[in-house]
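Enquirer: Dropping a structure here in structure tokens format, bear with me for questions.
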Amino acid sequence: MKKIILPLLAIIYTSLAFGQNTFKAIIKDSESKELLLGATVILQGTTNGASADQNGYLELKNIPNGKQTIIFSYVGYQEKKNTFLFPLIQTEPFEILLSAEEGEELDEVVITSTRSSRTIDNIPTRIEAISGEELEEKGNMKPGDIRMMLNESTGIQTQQTSATSYNSSIRIQGLDGKYTQLLKDGYPLYAGFSGGLSLMQIAPLDLQQVEVIKGASSTLYGGGAIAGLVNLISKTPKEERELSFMLNGTSAMGLDISGFYAKKNNKIGTTIFASYNTAKPYDPSDIGFTAIPKFTRYTVNPKLFVYFNDKTTLNAGVNTTIEERIGGDIKYIENNGDETHSYFEKNNTNRYSAQLGLDHTINDNSKLSFKNSLSYYDRAIEIPNYKFSGVQLSSFSEATYNYKVENSEWIYGLNLWTDQFNQDKFDSSKAVDYHYITFGGFVQNTWNVTEKLILETGLRGDYQNEYGFFALPRISALLKVNQKLSMRLGGGLGYKTPTVFTEDAERIQFRNVLPIAISETEAEKSIGGNFDINYRTSLSDNMSFSINTLFFYTQIKNPLILSPTTENLYEFQQPNGSIDTKGIETNVKLTYGDLKLFIGYTLADVKEHYNGKSTTFPLVAKHRLNNVLMYEIEDSLKMGLEAYYFSPQELNDGAKGKQYWLFGFMVEKIWDSFSIFINFENFGDTRQTKFDNIHTGTITNPTFRDIYAPVDGFVINGGLKIKL
């Protein structure tokens with residue numbers, strides 16, 4: 001019997017052994033072909049599974065002979081089922097491509113500010129994008145302008161330059177607003193005199209995306225982008241019509257009404273944005289001065305798109321903004337003024353600009369683009385016994401050529417800027433007129449050195465009619481260590497052409513400010529760089545985690561500073577020395593099902609170095625903390641809780657501001673064609689007037705101090721959004 005059983009067992013064992021197979025595969029993203037480490041497979045109907053290693057490679061063992069179905073899955077991707085006949089004929093690993101699920105946020109955001117139209121994951125230059133639902137959520141909180149949208153981003157601080165009129169500028173990594181370029185679809189429409197009220201006059205409803213580049217960005221966009229740039233990307237028409245309206249009211253007696261229309265019909269496309277924004281004077285502290293001024297603003301932005309064929313597209317648009325804004329003594333603003341209650345600050349602005357763009361695809365590898373803009377900006381600032389006004393005329397022309405091969409992309413470009421300001425004369429003071437012409441050329445190359453290393457290099461040369469020639473090189477590199485970990489390193493040079501339109505001059509309404517002595521000054525120049533590490537991973541089927549840490553440094557040589565003279569005038573001086581900013585930004589994102597937690601921390605150490613002495617740069621919160629918790633049921637409900645911390649700030653008068661927290665809560669209920677929202681902004685009612693004063697002197701002749709904390713306090717806003 002043993003002689004029969006033992007050979008039989010051996011035959012059965014051998015048969016079973018030969019009936020067990022191994023399946024080998026490499027799992028990749030179907031679009032980017034990036035390796036999906038951690039992707040899982042399972043043999044259908046069993047618990048037999050495996051996961052991909054750091055090279056995207058996996059082995060599934062002990063598979064019986066015959067037809068077998070294997071299920072492939074990865075968080076954020078569509079599940080895939082493939083049937084194979086075992087034993088397999090193919091011995092090499094199979095390449096399995098998974099597609100992203102619709103609606104999943106996988107950072108597949110296309111960026112235009114680098115002109116290469118790559119996704120955000122494949123650009124060596126570090127770019128932050130506010131888009132989609134995040135853009136809509138921030139728009140709910142402040143539908144009338146973009147100030148809050150930017151102020152709640154890590155590393156960005158909006159600085160209020162007027163205590164009574166709300167005028168504000170953008171600070172990136174602690175540097176003055178004059179060092180940040182604000183663009184609209186790549187056009188420099190908000191520079192010089194026209195930048196003073198820009199944040200308060202741009203409504204977000206027609207924006208598709210906001211792209212922020214921190215650090216020197218002068219290679220592609222010229223002077224002025226020392227601290228970085230903010231590019232506001234407008235919506236474009238699609239085949240499906242978009243018609244949306246927003247109505248918003250505030251407890252501070254403000255009203256915002258805006259509408260947007262977009263539609264593409266064969267050869268013609270159109271977008272139209274219009275808004276009406278108004279507010280009554282508001283003084284929550286009962287100190288006698290407006291925290292929010294009285295204003296009325298009308299905005300109309302029509303744009304036409306002509307699609308001549310598959311290769312050639314023309315777009316033309318007009319931006320029109322008209323606003324009257326007045327703040328100051330609230331009794332005077334409410335028509336109850338007298339000799340005592342007579343202080344006011346009035347801003348009347350008329351902003352008109354026209355843009356023309358032409359894109360022509362030559363072939364699959366090359367493309368030509370041309371764009372031009374003309375801008376007219378007329379603004380008058382008036383306070384008792386003084387008025388400053390003038391007209392700024394500017395133009396921008398650009399031609400670019402893009403050429404792509406398999407692993408490399410080249411961008412060549414020529415630019416021409418003109419910027420002319422003419423001050424209206426009311427007295428014997430010297431006008432601060434100027435007329436600048438800048439001609440520039442640039443080249444940029446993006447090279448996929450390997451699957452893991454992408455290198456971006458660029459060089460710009462600018463000739464400025466008053467300050468001569470500037471050479472601006474830059475370099476950035478992206479290293480994809482694996483699917484979860486990537487690193488970026490970059491740096492470059494920048495410059496800023498001097499003008500009188502700075503935060504310090506805006507703060508005193510340009511009163512007694514002397515014109516810049518061009519023969520005695522030079523352009524401000526900078527050198528800077530940054531290094532960031534980005535890590536993201538899936539913790540479970542419904543939980544993910546990501547963290548990004550940025551280290552930055554920028555030095556500005558021979559900065560232009562506004563200083564008082566012995567004759568009660570102000571002049572721009574250029575002492576030997578520098579300003580530098582260095583620090584860290586960290587962003588953490590944790591998602592669990594319908595919950596999302598965002599934590600951001602900014603350390604900005606900004607110093608002035610003059611005559612061997614170092615002092616802290618004023619109006620910079622060295623430590624900032626951003627916390628946002630979102631709960632979202634897609635297409636049904638959104639809820640957000642926010643908490644922001646600002647550390648003490650040095651003030652221009654030598655004092656030190658107080659630390660403070662800001663809290664907010666927003667809810668939006670969504671139906672098919674409309675939604676309602678309510679936002680409790682600053683519900684802790686943090687106000688500078690609670691713990692510090694905002695002016696000295698009398699109410700008739702006040703001297704306003706730096707505004708480093710909110711003055712409007714707790715404000716509720718809510719409204720209705722309609723999509724037809």
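Residue numbering restarts at 1 in every chain; chains get A, B, ... in the order shown in the structure tokens, and ligands count up from 1 in that same order.
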Run DSSP on the backbone of this structure and report the residues of range 472-552 of chain A it assigns to strand (DSSP E or B), as a PyMOL selection string.
Expert: chain A and resi 472-480+485-496+513+524-540+543-552
Enquirer: I want to know what sits within 10 Å of range 183-187 of chain A, based on only C-alpha atoms, with residues of the same chain fewer than 6 positions away left out; could you give that as a PyMOL selection string?
Expert: chain A and resi 112-115+207+209-211+220-221+229-235+355+371-374+395-398
Enquirer: Take the residues that were just selected and, keeping N, CA, C and O atoms, output them as a tab-separated table (two decimals), in the first residue's frame.
Expert:
chain	number	residue	atom	x	y	z
A	112	THR	N	-0.74	78.24	-15.93
A	112	THR	CA	-0.45	79.06	-17.10
A	112	THR	C	0.61	80.12	-16.83
A	112	THR	O	1.16	80.67	-17.77
A	113	SER	N	0.89	80.41	-15.56
A	113	SER	CA	1.83	81.50	-15.25
A	113	SER	C	3.25	81.20	-15.71
A	113	SER	O	4.04	82.12	-15.90
A	114	THR	N	3.60	79.93	-15.86
A	114	THR	CA	4.93	79.58	-16.37
A	114	THR	C	4.94	79.46	-17.89
A	114	THR	O	5.97	79.14	-18.48
A	115	ARG	N	3.77	79.68	-18.52
A	115	ARG	CA	3.58	79.69	-19.97
A	115	ARG	C	3.78	78.32	-20.62
A	115	ARG	O	3.78	78.21	-21.84
A	207	LEU	N	-13.35	84.47	-11.73
A	207	LEU	CA	-12.02	83.87	-11.70
A	207	LEU	C	-12.11	82.34	-11.75
A	207	LEU	O	-12.92	81.73	-11.04
A	209	GLN	N	-9.06	80.60	-11.48
A	209	GLN	CA	-7.92	80.14	-10.70
A	209	GLN	C	-7.08	81.34	-10.29
A	209	GLN	O	-7.05	82.35	-10.99
A	210	VAL	N	-6.40	81.23	-9.16
A	210	VAL	CA	-5.42	82.23	-8.74
A	210	VAL	C	-4.10	81.50	-8.55
A	210	VAL	O	-4.02	80.53	-7.79
A	211	GLU	N	-3.06	81.94	-9.26
A	211	GLU	CA	-1.76	81.29	-9.21
A	211	GLU	C	-0.76	82.22	-8.53
A	211	GLU	O	-0.66	83.41	-8.88
A	220	LEU	N	10.19	85.74	-16.63
A	220	LEU	CA	9.05	85.74	-17.54
A	220	LEU	C	8.25	87.03	-17.52
A	220	LEU	O	7.62	87.39	-18.50
A	221	TYR	N	8.28	87.75	-16.40
A	221	TYR	CA	7.38	88.89	-16.26
A	221	TYR	C	8.07	90.22	-15.96
A	221	TYR	O	7.42	91.20	-15.67
A	229	LEU	N	4.69	86.91	-7.62
A	229	LEU	CA	3.59	87.43	-8.42
A	229	LEU	C	2.31	86.67	-8.10
A	229	LEU	O	2.33	85.52	-7.67
A	230	VAL	N	1.19	87.37	-8.34
A	230	VAL	CA	-0.15	86.78	-8.22
A	230	VAL	C	-0.83	86.95	-9.57
A	230	VAL	O	-1.01	88.08	-10.04
A	231	ASN	N	-1.17	85.85	-10.21
A	231	ASN	CA	-1.80	85.88	-11.53
A	231	ASN	C	-3.25	85.43	-11.40
A	231	ASN	O	-3.52	84.30	-10.99
A	232	LEU	N	-4.18	86.33	-11.72
A	232	LEU	CA	-5.61	86.05	-11.64
A	232	LEU	C	-6.08	85.52	-12.99
A	232	LEU	O	-6.04	86.25	-13.99
A	233	ILE	N	-6.49	84.25	-13.03
A	233	ILE	CA	-6.87	83.62	-14.29
A	233	ILE	C	-8.38	83.65	-14.44
A	233	ILE	O	-9.12	83.12	-13.60
A	234	SER	N	-8.85	84.26	-15.52
A	234	SER	CA	-10.29	84.40	-15.76
A	234	SER	C	-10.87	83.12	-16.35
A	234	SER	O	-10.18	82.33	-17.00
A	235	LYS	N	-12.17	82.94	-16.16
A	235	LYS	CA	-12.87	81.83	-16.78
A	235	LYS	C	-12.95	82.05	-18.30
A	235	LYS	O	-13.00	83.19	-18.78
A	355	GLN	N	-7.69	94.50	-23.68
A	355	GLN	CA	-6.70	93.45	-23.92
A	355	GLN	C	-7.02	92.74	-25.24
A	355	GLN	O	-8.18	92.55	-25.59
A	371	LYS	N	0.09	89.21	-27.40
A	371	LYS	CA	-0.88	89.87	-26.54
A	371	LYS	C	-0.53	91.35	-26.39
A	371	LYS	O	0.64	91.74	-26.45
A	372	ASN	N	-1.56	92.14	-26.20
A	372	ASN	CA	-1.38	93.59	-26.03
A	372	ASN	C	-2.46	94.12	-25.09
A	372	ASN	O	-3.60	93.64	-25.10
A	373	SER	N	-2.09	95.07	-24.26
A	373	SER	CA	-3.07	95.73	-23.40
A	373	SER	C	-2.78	97.23	-23.35
A	373	SER	O	-1.63	97.66	-23.44
A	374	LEU	N	-3.84	97.98	-23.22
A	374	LEU	CA	-3.77	99.43	-23.02
A	374	LEU	C	-4.59	99.76	-21.78
A	374	LEU	O	-5.71	99.27	-21.64
A	395	SER	N	0.93	100.62	-21.31
A	395	SER	CA	0.68	99.64	-22.35
A	395	SER	C	1.63	98.47	-22.17
A	395	SER	O	2.69	98.59	-21.55
A	396	PHE	N	1.24	97.34	-22.73
A	396	PHE	CA	2.05	96.13	-22.64
A	396	PHE	C	1.87	95.35	-23.92
A	396	PHE	O	0.74	95.10	-24.36
A	397	SER	N	2.97	94.98	-24.55
A	397	SER	CA	2.94	94.17	-25.76
A	397	SER	C	3.92	93.01	-25.60
A	397	SER	O	5.01	93.19	-25.05
A	398	GLU	N	3.51	91.85	-26.10
A	398	GLU	CA	4.37	90.67	-25.94
A	398	GLU	C	4.15	89.70	-27.09
A	398	GLU	O	3.02	89.47	-27.53
Enquirer: Using DSSP assignments from the backbone, pull out every residue in range 8-172 of chain A that falls under helix (DSSP H, G or I) and give it to me as a PyMOL selection string.
Expert: chain A and resi 8-18+120-122+132-141+147-151
Enquirer: Would you kindly return, as a list of chain:residue names, each protein, DNA or RNA residue with an atom no farther than 8 Å from any atom of range 681-694 of chain A, considering only C-alpha atoms and excluding same-chain residues fewer than 6 positions away?
Expert: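 Surrounding residues, per the criterion: A:Met141, A:Ala163, A:Ser285, A:Gly657, A:Lys658, A:Tyr660, A:Trp661, A:Leu662, A:Phe663, A:Gly664, A:Phe665, A:Phe704, A:Arg705, A:Asp706, A:Ile707, A:Tyr708, A:Ala709, A:Pro710, A:Val711, A:Asp712, A:Gly713, A:Phe714, A:Val715, A:Ile716, A:Asn717.
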Enquirer: Write out as a PyMOL selection string the residues lying within 10 Å of range 667-680 of chain A, counting only C-alpha atoms and excluding same-chain residues fewer than 5 positions away.
Expert: chain A and resi 137+140-142+244-251+630-641+714-724
